[in-house]
$ cat target-v3.pdb   # PDB, C-alpha atoms
ATOM      1  CA  SER Y1448     -74.575 139.221  17.373  1.00  0.00           C
ATOM      2  CA  GLU Y1449     -76.191 136.068  15.895  1.00  0.00           C
ATOM      3  CA  ARG Y1450     -72.819 134.994  14.436  1.00  0.00           C
ATOM      4  CA  LEU Y1451     -71.092 135.581  17.790  1.00  0.00           C
ATOM      5  CA  LEU Y1452     -73.681 133.420  19.576  1.00  0.00           C
ATOM      6  CA  ASN Y1453     -73.339 130.627  17.018  1.00  0.00           C
ATOM      7  CA  THR Y1454     -69.534 130.717  17.233  1.00  0.00           C
ATOM      8  CA  ARG Y1455     -69.667 130.600  21.021  1.00  0.00           C
ATOM      9  CA  ARG Y1456     -72.104 127.694  20.915  1.00  0.00           C
ATOM     10  CA  ILE Y1457     -69.809 125.794  18.537  1.00  0.00           C
ATOM     11  CA  GLN Y1458     -66.829 126.419  20.794  1.00  0.00           C
ATOM     12  CA  GLU Y1459     -68.460 125.694  24.154  1.00  0.00           C
ATOM     13  CA  HIS Y1460     -71.740 123.763  24.042  1.00  0.00           C
ATOM     14  CA  VAL Y1461     -70.438 120.229  23.568  1.00  0.00           C
ATOM     15  CA  ASP Y1462     -67.462 120.830  25.864  1.00  0.00           C
ATOM     16  CA  HIS Y1463     -69.824 121.940  28.643  1.00  0.00           C
ATOM     17  CA  ALA Y1464     -72.113 118.961  27.993  1.00  0.00           C
ATOM     18  CA  ILE Y1465     -69.159 116.570  28.339  1.00  0.00           C
ATOM     19  CA  ARG Y1466     -68.017 118.181  31.587  1.00  0.00           C
ATOM     20  CA  ALA Y1467     -71.566 118.193  32.976  1.00  0.00           C
ATOM     21  CA  GLY Y1468     -72.114 114.538  32.080  1.00  0.00           C
ATOM     22  CA  ASP Y1469     -74.947 115.386  29.654  1.00  0.00           C
ATOM     23  CA  GLU Y1470     -74.490 112.345  27.424  1.00  0.00           C
ATOM     24  CA  THR Y1471     -77.438 113.099  25.153  1.00  0.00           C
ATOM     25  CA  SER Y1472     -76.249 116.608  24.230  1.00  0.00           C
ATOM     26  CA  ALA Y1473     -72.568 115.692  23.984  1.00  0.00           C
ATOM     27  CA  VAL Y1474     -73.014 112.565  21.878  1.00  0.00           C
ATOM     28  CA  GLY Y1475     -75.797 114.149  19.818  1.00  0.00           C
ATOM     29  CA  GLY Y1476     -73.511 117.031  18.879  1.00  0.00           C
ATOM     30  CA  LEU Y1477     -70.377 115.002  18.265  1.00  0.00           C
ATOM     31  CA  CYS Y1478     -72.236 112.426  16.148  1.00  0.00           C
ATOM     32  CA  SER Y1479     -73.739 115.069  13.873  1.00  0.00           C
ATOM     33  CA  ILE Y1480     -72.156 115.881  10.516  1.00  0.00           C
ATOM     34  CA  ARG Y1481     -73.499 119.429  10.880  1.00  0.00           C
ATOM     35  CA  TYR Y1482     -71.488 119.864  14.084  1.00  0.00           C
ATOM     36  CA  VAL Y1483     -68.378 118.452  12.405  1.00  0.00           C
ATOM     37  CA  ALA Y1484     -68.861 120.895   9.501  1.00  0.00           C
ATOM     38  CA  ALA Y1485     -69.368 123.816  11.905  1.00  0.00           C
ATOM     39  CA  LYS Y1486     -66.151 122.989  13.785  1.00  0.00           C
ATOM     40  CA  VAL Y1487     -64.299 122.702  10.463  1.00  0.00           C
ATOM     41  CA  ALA Y1488     -65.665 126.088   9.315  1.00  0.00           C
ATOM     42  CA  ALA Y1489     -64.594 127.631  12.649  1.00  0.00           C
ATOM     43  CA  ASP Y1490     -61.080 126.152  12.202  1.00  0.00           C
ATOM     44  CA  ASP Y1491     -61.531 124.104  15.394  1.00  0.00           C
ATOM     45  CA  VAL Y1492     -60.684 120.624  14.063  1.00  0.00           C
ATOM     46  CA  SER Y1493     -58.044 119.972  16.744  1.00  0.00           C
ATOM     47  CA  ASP Y1494     -60.532 121.061  19.398  1.00  0.00           C
ATOM     48  CA  LEU Y1495     -63.103 118.696  17.860  1.00  0.00           C
ATOM     49  CA  LEU Y1496     -60.686 115.771  18.174  1.00  0.00           C
ATOM     50  CA  ARG Y1497     -60.043 116.732  21.826  1.00  0.00           C
ATOM     51  CA  GLU Y1498     -63.811 116.700  22.406  1.00  0.00           C
ATOM     52  CA  TYR Y1499     -64.063 113.188  20.963  1.00  0.00           C
ATOM     53  CA  SER Y1500     -61.273 111.971  23.265  1.00  0.00           C
ATOM     54  CA  ALA Y1501     -62.897 113.564  26.320  1.00  0.00           C
ATOM     55  CA  ALA Y1502     -66.351 112.213  25.434  1.00  0.00           C
ATOM     56  CA  ILE Y1503     -65.054 108.676  24.860  1.00  0.00           C
ATOM     57  CA  GLU Y1504     -63.438 108.799  28.297  1.00  0.00           C
ATOM     58  CA  ARG Y1505     -66.547 110.301  29.954  1.00  0.00           C
ATOM     59  CA  PHE Y1506     -69.159 108.138  28.159  1.00  0.00           C
ATOM     60  CA  PRO Y1507     -67.545 104.703  27.588  1.00  0.00           C
ATOM     61  CA  ASP Y1508     -70.894 103.164  26.552  1.00  0.00           C
ATOM     62  CA  GLN Y1509     -70.874 105.504  23.523  1.00  0.00           C
ATOM     63  CA  ALA Y1510     -67.229 104.833  22.603  1.00  0.00           C
ATOM     64  CA  SER Y1511     -68.128 102.956  19.417  1.00  0.00           C
ATOM     65  CA  ALA Y1512     -70.257 105.746  17.902  1.00  0.00           C
ATOM     66  CA  LEU Y1513     -67.899 108.490  19.090  1.00  0.00           C
ATOM     67  CA  GLY Y1514     -64.839 106.576  17.909  1.00  0.00           C
ATOM     68  CA  GLU Y1515     -66.375 106.127  14.475  1.00  0.00           C
ATOM     69  CA  PHE Y1516     -66.831 109.902  14.077  1.00  0.00           C
ATOM     70  CA  ALA Y1517     -63.395 110.635  15.588  1.00  0.00           C
ATOM     71  CA  ALA Y1518     -61.793 108.251  13.075  1.00  0.00           C
ATOM     72  CA  PHE Y1519     -63.788 109.887  10.258  1.00  0.00           C
ATOM     73  CA  VAL Y1520     -62.398 113.306  11.227  1.00  0.00           C
ATOM     74  CA  GLY Y1521     -58.892 111.950  11.868  1.00  0.00           C
ATOM     75  CA  ARG Y1522     -58.463 110.177   8.554  1.00  0.00           C
ATOM     76  CA  ASN Y1523     -59.754 113.237   6.639  1.00  0.00           C
ATOM     77  CA  LEU Y1524     -57.805 115.726   8.768  1.00  0.00           C
ATOM     78  CA  ASP Y1525     -55.574 117.168   6.030  1.00  0.00           C
ATOM     79  CA  ALA Y1526     -58.495 117.864   3.713  1.00  0.00           C
ATOM     80  CA  LEU Y1527     -60.775 119.179   6.472  1.00  0.00           C
ATOM     81  CA  ARG Y1528     -58.140 121.723   7.500  1.00  0.00           C
ATOM     82  CA  GLN Y1529     -58.540 123.293   4.035  1.00  0.00           C
ATOM     83  CA  LYS Y1530     -61.936 124.600   5.310  1.00  0.00           C
ATOM     84  CA  ILE Y1531     -63.937 123.735   2.186  1.00  0.00           C
ATOM     85  CA  PRO Y1532     -67.561 124.152   3.355  1.00  0.00           C
ATOM     86  CA  THR Y1533     -68.990 121.041   1.692  1.00  0.00           C
ATOM     87  CA  ALA Y1534     -65.990 118.740   2.370  1.00  0.00           C
ATOM     88  CA  PRO Y1535     -67.296 117.161   5.613  1.00  0.00           C
ATOM     89  CA  PHE Y1536     -70.599 116.388   3.886  1.00  0.00           C
ATOM     90  CA  GLN Y1537     -68.909 114.927   0.801  1.00  0.00           C
ATOM     91  CA  PHE Y1538     -66.537 112.792   2.881  1.00  0.00           C
ATOM     92  CA  ALA Y1539     -69.484 111.508   4.932  1.00  0.00           C
ATOM     93  CA  LEU Y1540     -71.166 110.359   1.708  1.00  0.00           C
ATOM     94  CA  GLN Y1541     -68.048 108.364   0.864  1.00  0.00           C
ATOM     95  CA  GLU Y1542     -68.279 106.385   4.115  1.00  0.00           C
ATOM     96  CA  PRO Y1543     -69.965 102.946   4.212  1.00  0.00           C
ATOM     97  CA  ASP Y1544     -73.764 103.121   4.162  1.00  0.00           C
ATOM     98  CA  THR Y1545     -74.072 101.745   7.724  1.00  0.00           C
ATOM     99  CA  SER Y1546     -71.574 104.204   9.237  1.00  0.00           C
ATOM    100  CA  GLY Y1547     -72.578 107.025  11.559  1.00  0.00           C
ATOM    101  CA  PRO Y1548     -71.228 109.824   9.329  1.00  0.00           C
ATOM    102  CA  TYR Y1549     -73.091 108.464   6.280  1.00  0.00           C
ATOM    103  CA  GLN Y1550     -76.342 108.036   8.228  1.00  0.00           C
ATOM    104  CA  SER Y1551     -76.000 111.586   9.590  1.00  0.00           C
ATOM    105  CA  ILE Y1552     -75.576 113.151   6.127  1.00  0.00           C
ATOM    106  CA  LYS Y1553     -78.374 111.011   4.734  1.00  0.00           C
ATOM    107  CA  ARG Y1554     -80.833 112.164   7.440  1.00  0.00           C
ATOM    108  CA  LEU Y1555     -79.794 115.777   6.925  1.00  0.00           C
ATOM    109  CA  ALA Y1556     -80.199 115.617   3.143  1.00  0.00           C
ATOM    110  CA  GLU Y1557     -83.557 113.838   3.368  1.00  0.00           C
ATOM    111  CA  ARG Y1558     -84.905 116.588   5.625  1.00  0.00           C
ATOM    112  CA  GLY Y1559     -83.761 119.160   3.069  1.00  0.00           C
ATOM    113  CA  GLY Y1560     -83.008 121.587   5.861  1.00  0.00           C
ATOM    114  CA  ASP Y1561     -79.478 122.602   5.010  1.00  0.00           C
ATOM    115  CA  PRO Y1562     -78.967 125.164   2.239  1.00  0.00           C
ATOM    116  CA  LEU Y1563     -75.387 123.979   1.661  1.00  0.00           C
ATOM    117  CA  ILE Y1564     -76.066 120.384   0.785  1.00  0.00           C
ATOM    118  CA  ALA Y1565     -78.303 118.059  -1.078  1.00  0.00           C
ATOM    119  CA  ILE Y1566     -77.871 114.650  -2.561  1.00  0.00           C
ATOM    120  CA  ALA Y1567     -79.231 114.513  -6.096  1.00  0.00           C
ATOM    121  CA  GLY Y1568     -82.789 113.225  -5.884  1.00  0.00           C
ATOM    122  CA  ALA Y1569     -83.339 114.259  -2.251  1.00  0.00           C
ATOM    123  CA  SER Y1570     -85.881 116.929  -1.352  1.00  0.00           C
ATOM    124  CA  GLY Y1571     -84.439 120.399  -1.867  1.00  0.00           C
ATOM    125  CA  ALA Y1572     -81.718 119.089  -4.183  1.00  0.00           C
ATOM    126  CA  GLU Y1573     -82.608 121.470  -6.987  1.00  0.00           C
ATOM    127  CA  ASN Y1574     -81.451 124.595  -5.100  1.00  0.00           C
ATOM    128  CA  ALA Y1575     -78.392 123.345  -3.213  1.00  0.00           C
ATOM    129  CA  ALA Y1576     -74.830 122.461  -4.080  1.00  0.00           C
ATOM    130  CA  ARG Y1577     -74.925 118.854  -5.119  1.00  0.00           C
ATOM    131  CA  LEU Y1578     -72.730 116.265  -3.561  1.00  0.00           C
ATOM    132  CA  VAL Y1579     -71.459 113.251  -5.435  1.00  0.00           C
ATOM    133  CA  HIS Y1580     -72.930 109.956  -4.296  1.00  0.00           C
ATOM    134  CA  TRP Y1581     -70.396 107.215  -4.973  1.00  0.00           C
ATOM    135  CA  ARG Y1582     -72.206 104.137  -6.248  1.00  0.00           C
ATOM    136  CA  GLY Y1583     -70.414 100.880  -5.627  1.00  0.00           C
ATOM    137  CA  LYS Y1584     -68.232 102.436  -2.913  1.00  0.00           C
ATOM    138  CA  PRO Y1585     -66.489 100.120  -0.418  1.00  0.00           C
ATOM    139  CA  GLN Y1586     -68.760  99.116   2.443  1.00  0.00           C
ATOM    140  CA  GLN Y1587     -65.964  98.731   4.987  1.00  0.00           C
ATOM    141  CA  SER Y1588     -64.505 101.672   6.881  1.00  0.00           C
ATOM    142  CA  ASP Y1589     -60.940 102.707   6.256  1.00  0.00           C
ATOM    143  CA  PRO Y1590     -58.941 101.450   9.261  1.00  0.00           C
ATOM    144  CA  CYS Y1591     -56.931 104.706   9.411  1.00  0.00           C
ATOM    145  CA  GLN Y1592     -57.777 106.566  12.620  1.00  0.00           C
ATOM    146  CA  LEU Y1593     -55.574 109.648  12.305  1.00  0.00           C
ATOM    147  CA  THR Y1594     -53.012 111.037   9.886  1.00  0.00           C
ATOM    148  CA  ILE Y1595     -50.103 112.921  11.456  1.00  0.00           C
ATOM    149  CA  ARG Y1596     -47.869 114.839   9.040  1.00  0.00           C
ATOM    150  CA  GLU Y1597     -45.406 116.803  11.119  1.00  0.00           C
ATOM    151  CA  HIS Y1598     -41.946 115.736   9.920  1.00  0.00           C
ATOM    152  CA  GLU Y1599     -40.080 117.220   6.965  1.00  0.00           C
ATOM    153  CA  GLY Y1600     -38.448 113.874   6.157  1.00  0.00           C
ATOM    154  CA  CYS Y1601     -39.448 110.220   6.082  1.00  0.00           C
ATOM    155  CA  VAL Y1602     -40.582 108.705   9.379  1.00  0.00           C
ATOM    156  CA  ASN Y1603     -38.376 105.750  10.363  1.00  0.00           C
ATOM    157  CA  ALA Y1604     -39.660 104.839  13.824  1.00  0.00           C
ATOM    158  CA  VAL Y1605     -42.850 105.191  15.848  1.00  0.00           C
ATOM    159  CA  ALA Y1606     -43.635 104.270  19.463  1.00  0.00           C
ATOM    160  CA  PHE Y1607     -46.705 104.753  21.657  1.00  0.00           C
ATOM    161  CA  SER Y1608     -46.534 105.789  25.302  1.00  0.00           C
ATOM    162  CA  PRO Y1609     -47.689 103.108  27.785  1.00  0.00           C
ATOM    163  CA  CYS Y1610     -50.931 105.063  28.387  1.00  0.00           C
ATOM    164  CA  GLY Y1611     -51.609 105.218  24.622  1.00  0.00           C
ATOM    165  CA  LYS Y1612     -52.146 108.980  24.626  1.00  0.00           C
ATOM    166  CA  TRP Y1613     -48.836 109.971  23.002  1.00  0.00           C
ATOM    167  CA  VAL Y1614     -46.935 108.976  19.876  1.00  0.00           C
ATOM    168  CA  ALA Y1615     -43.186 109.474  19.441  1.00  0.00           C
ATOM    169  CA  SER Y1616     -41.785 109.484  15.913  1.00  0.00           C
ATOM    170  CA  GLY Y1617     -38.227 109.691  14.596  1.00  0.00           C
ATOM    171  CA  SER Y1618     -37.397 110.975  11.147  1.00  0.00           C
ATOM    172  CA  ASP Y1619     -34.825 111.628   8.441  1.00  0.00           C
ATOM    173  CA  ASP Y1620     -35.163 115.309   9.377  1.00  0.00           C
ATOM    174  CA  GLY Y1621     -33.148 114.560  12.556  1.00  0.00           C
ATOM    175  CA  THR Y1622     -36.001 115.236  14.968  1.00  0.00           C
ATOM    176  CA  ILE Y1623     -38.213 113.278  17.320  1.00  0.00           C
ATOM    177  CA  LYS Y1624     -41.751 114.584  17.680  1.00  0.00           C
ATOM    178  CA  ILE Y1625     -44.089 113.761  20.549  1.00  0.00           C
ATOM    179  CA  CYS Y1626     -47.705 114.078  19.363  1.00  0.00           C
ATOM    180  CA  SER Y1627     -51.121 113.527  20.869  1.00  0.00           C
ATOM    181  CA  ALA Y1628     -52.530 110.204  19.678  1.00  0.00           C
ATOM    182  CA  GLY Y1629     -56.006 111.758  19.815  1.00  0.00           C
ATOM    183  CA  THR Y1630     -55.482 114.994  17.902  1.00  0.00           C
ATOM    184  CA  GLY Y1631     -52.098 114.703  16.175  1.00  0.00           C
ATOM    185  CA  GLU Y1632     -50.943 117.962  17.768  1.00  0.00           C
ATOM    186  CA  VAL Y1633     -47.218 118.209  18.490  1.00  0.00           C
ATOM    187  CA  LYS Y1634     -46.484 118.409  22.214  1.00  0.00           C
ATOM    188  CA  CYS Y1635     -42.746 118.846  21.709  1.00  0.00           C
ATOM    189  CA  THR Y1636     -39.962 118.471  19.168  1.00  0.00           C
ATOM    190  CA  LEU Y1637     -36.637 117.004  20.228  1.00  0.00           C
ATOM    191  CA  THR Y1638     -33.742 118.321  18.162  1.00  0.00           C
ATOM    192  CA  GLY Y1639     -29.982 117.978  18.362  1.00  0.00           C
ATOM    193  CA  HIS Y1640     -29.504 114.693  16.549  1.00  0.00           C
ATOM    194  CA  SER Y1641     -26.635 114.824  14.087  1.00  0.00           C
ATOM    195  CA  GLY Y1642     -28.563 112.899  11.453  1.00  0.00           C
ATOM    196  CA  THR Y1643     -31.425 110.544  10.776  1.00  0.00           C
ATOM    197  CA  VAL Y1644     -33.331 109.133  13.765  1.00  0.00           C
ATOM    198  CA  TYR Y1645     -33.846 105.390  13.293  1.00  0.00           C
ATOM    199  CA  SER Y1646     -35.280 104.370  16.651  1.00  0.00           C
ATOM    200  CA  VAL Y1647     -37.577 105.712  19.397  1.00  0.00           C
ATOM    201  CA  ALA Y1648     -38.866 103.965  22.518  1.00  0.00           C
TER
END
$ encode --input "target-v3.pdb" --output "structure tokens"
Amino acid sequence: SERLLNTRRIQEHVDHAIRAGDETSAVGGLCSIRYVAAKVAADDVSDLLREYSAAIERFPDQASALGEFAAFVGRNLDALRQKIPTAPFQFALQEPDTSGPYQSIKRLAERGGDPLIAIAGASGAENAARLVHWRGKPQQSDPCQLTIREHEGCVNAVAFSPCGKWVASGSDDGTIKICSAGTGEVKCTLTGHSGTVYSVA
């Protein structure tokens, strides 16, 4: 029963907050590394990226903070889909010290309230799985916002829709894929080309 309630909360709470215009709850959840980790554990990473897109549209004043977390999830998408419990926490530690994901993991570790994580030297570190703190790490965020790996061959052409919500890509595999620019999900695959696709518009 407790697990069912937690799963339902993970799947619905932030979505309802976005729809209701509850900026504090929506942004507070989406800008929490614990929430990111919970969505990863529930195999809801695509849903998480949809929530970021919806929240950025609904709360434009929070677009910077939300976009920073969305980019964090997007650039680590392949690894997060492996559902390794400590991965979101470890990736957050690798972010620049001033970034939202890093600050979120730092606050969480300093409170010592999560049995899964601890940074060596933080309170509670002796009983938790230790994360590696990268000294001398780059202090600029990776500009990658999202990694889309849907083709079986090399990608030769990419074009964005005028609204910026869709990406079309043509490949050596003879297909064109239309993907969401927010989540990377494939909307449709166009087949029937006799060979490599070199151009899309």
$ residues_around --input "target-v3.pdb" --residues "stretch 1490-1501 of chain Y" --least-positions-apart "4" --cutoff "10 Å" --atoms "all atoms listed in the file" --output "MDAnalysis selection string"
chainID Y and resid 1457:1458 1461:1462 1465:1466 1473:1474 1477:1478 1482:1486 1505:1506 1510 1513:1518 1520:1521 1524 1527:1530 1593 1612 1627:1632
$ resolve_selection --input "target-v3.pdb" --expression "the PyMOL selection byres ((chain Y and resi 1584) around 10)" --output "ChimeraX atom specification"
/Y:1540-1544,1580-1583,1585-1587
$ residues_around --input "target-v3.pdb" --residues "Y:Ser1646" --least-positions-apart "3" --cutoff "9 Å" --atoms "all atoms listed in the file" --output "PyMOL selection string"
chain Y and resi 1603-1606+1616-1618
$ write_last_selection --input "target-v3.pdb" --atoms "C-alpha atoms" --output "PDB file, keeping the file's coordinate frame"
ATOM      1  CA  ASN Y1603     -38.376 105.750  10.363  1.00  0.00           C
ATOM      2  CA  ALA Y1604     -39.660 104.839  13.824  1.00  0.00           C
ATOM      3  CA  VAL Y1605     -42.850 105.191  15.848  1.00  0.00           C
ATOM      4  CA  ALA Y1606     -43.635 104.270  19.463  1.00  0.00           C
ATOM      5  CA  SER Y1616     -41.785 109.484  15.913  1.00  0.00           C
ATOM      6  CA  GLY Y1617     -38.227 109.691  14.596  1.00  0.00           C
ATOM      7  CA  SER Y1618     -37.397 110.975  11.147  1.00  0.00           C
TER       8      SER Y1618
END
$ atom_distance --input "target-v3.pdb" --atom1 "atom CA of Y:Ser1511" --atom2 "atom CA of Y:Pro1532"
26.6 Å
$ resolve_selection --input "target-v3.pdb" --expression "the PyMOL selection byres ((chain Y and resi 1638) around 10)" --output "CSV table (one decimal) with C-alpha atoms, keeping the file's coordinate frame"
chain,number,residue,atom,x,y,z
Y,1620,ASP,CA,-35.2,115.3,9.4
Y,1621,GLY,CA,-33.1,114.6,12.6
Y,1622,THR,CA,-36.0,115.2,15.0
Y,1623,ILE,CA,-38.2,113.3,17.3
Y,1624,LYS,CA,-41.8,114.6,17.7
Y,1635,CYS,CA,-42.7,118.8,21.7
Y,1636,THR,CA,-40.0,118.5,19.2
Y,1637,LEU,CA,-36.6,117.0,20.2
Y,1639,GLY,CA,-30.0,118.0,18.4
Y,1640,HIS,CA,-29.5,114.7,16.5
Y,1641,SER,CA,-26.6,114.8,14.1
$ atom_distance --input "target-v3.pdb" --atom1 "atom CA of Y:Arg1558" --atom2 "atom CA of Y:Phe1536"
14.4 Å
$ closest_residue --input "target-v3.pdb" --among "Y:Ile1480, Y:Ile1595, Y:Val1487, Y:Val1614" --to "Y:Lys1553" --atoms "only C-alpha atoms"
Y:Ile1480
$ atom_distance --input "target-v3.pdb" --atom1 "atom CA of Y:Thr1594" --atom2 "atom CA of Y:Asn1523"
7.8 Å
$ closest_residue --input "target-v3.pdb" --among "Y:Ile1625, Y:Arg1481, Y:Ile1503, Y:Phe1607" --to "Y:Ala1534" --atoms "all atoms listed in the file"
Y:Arg1481
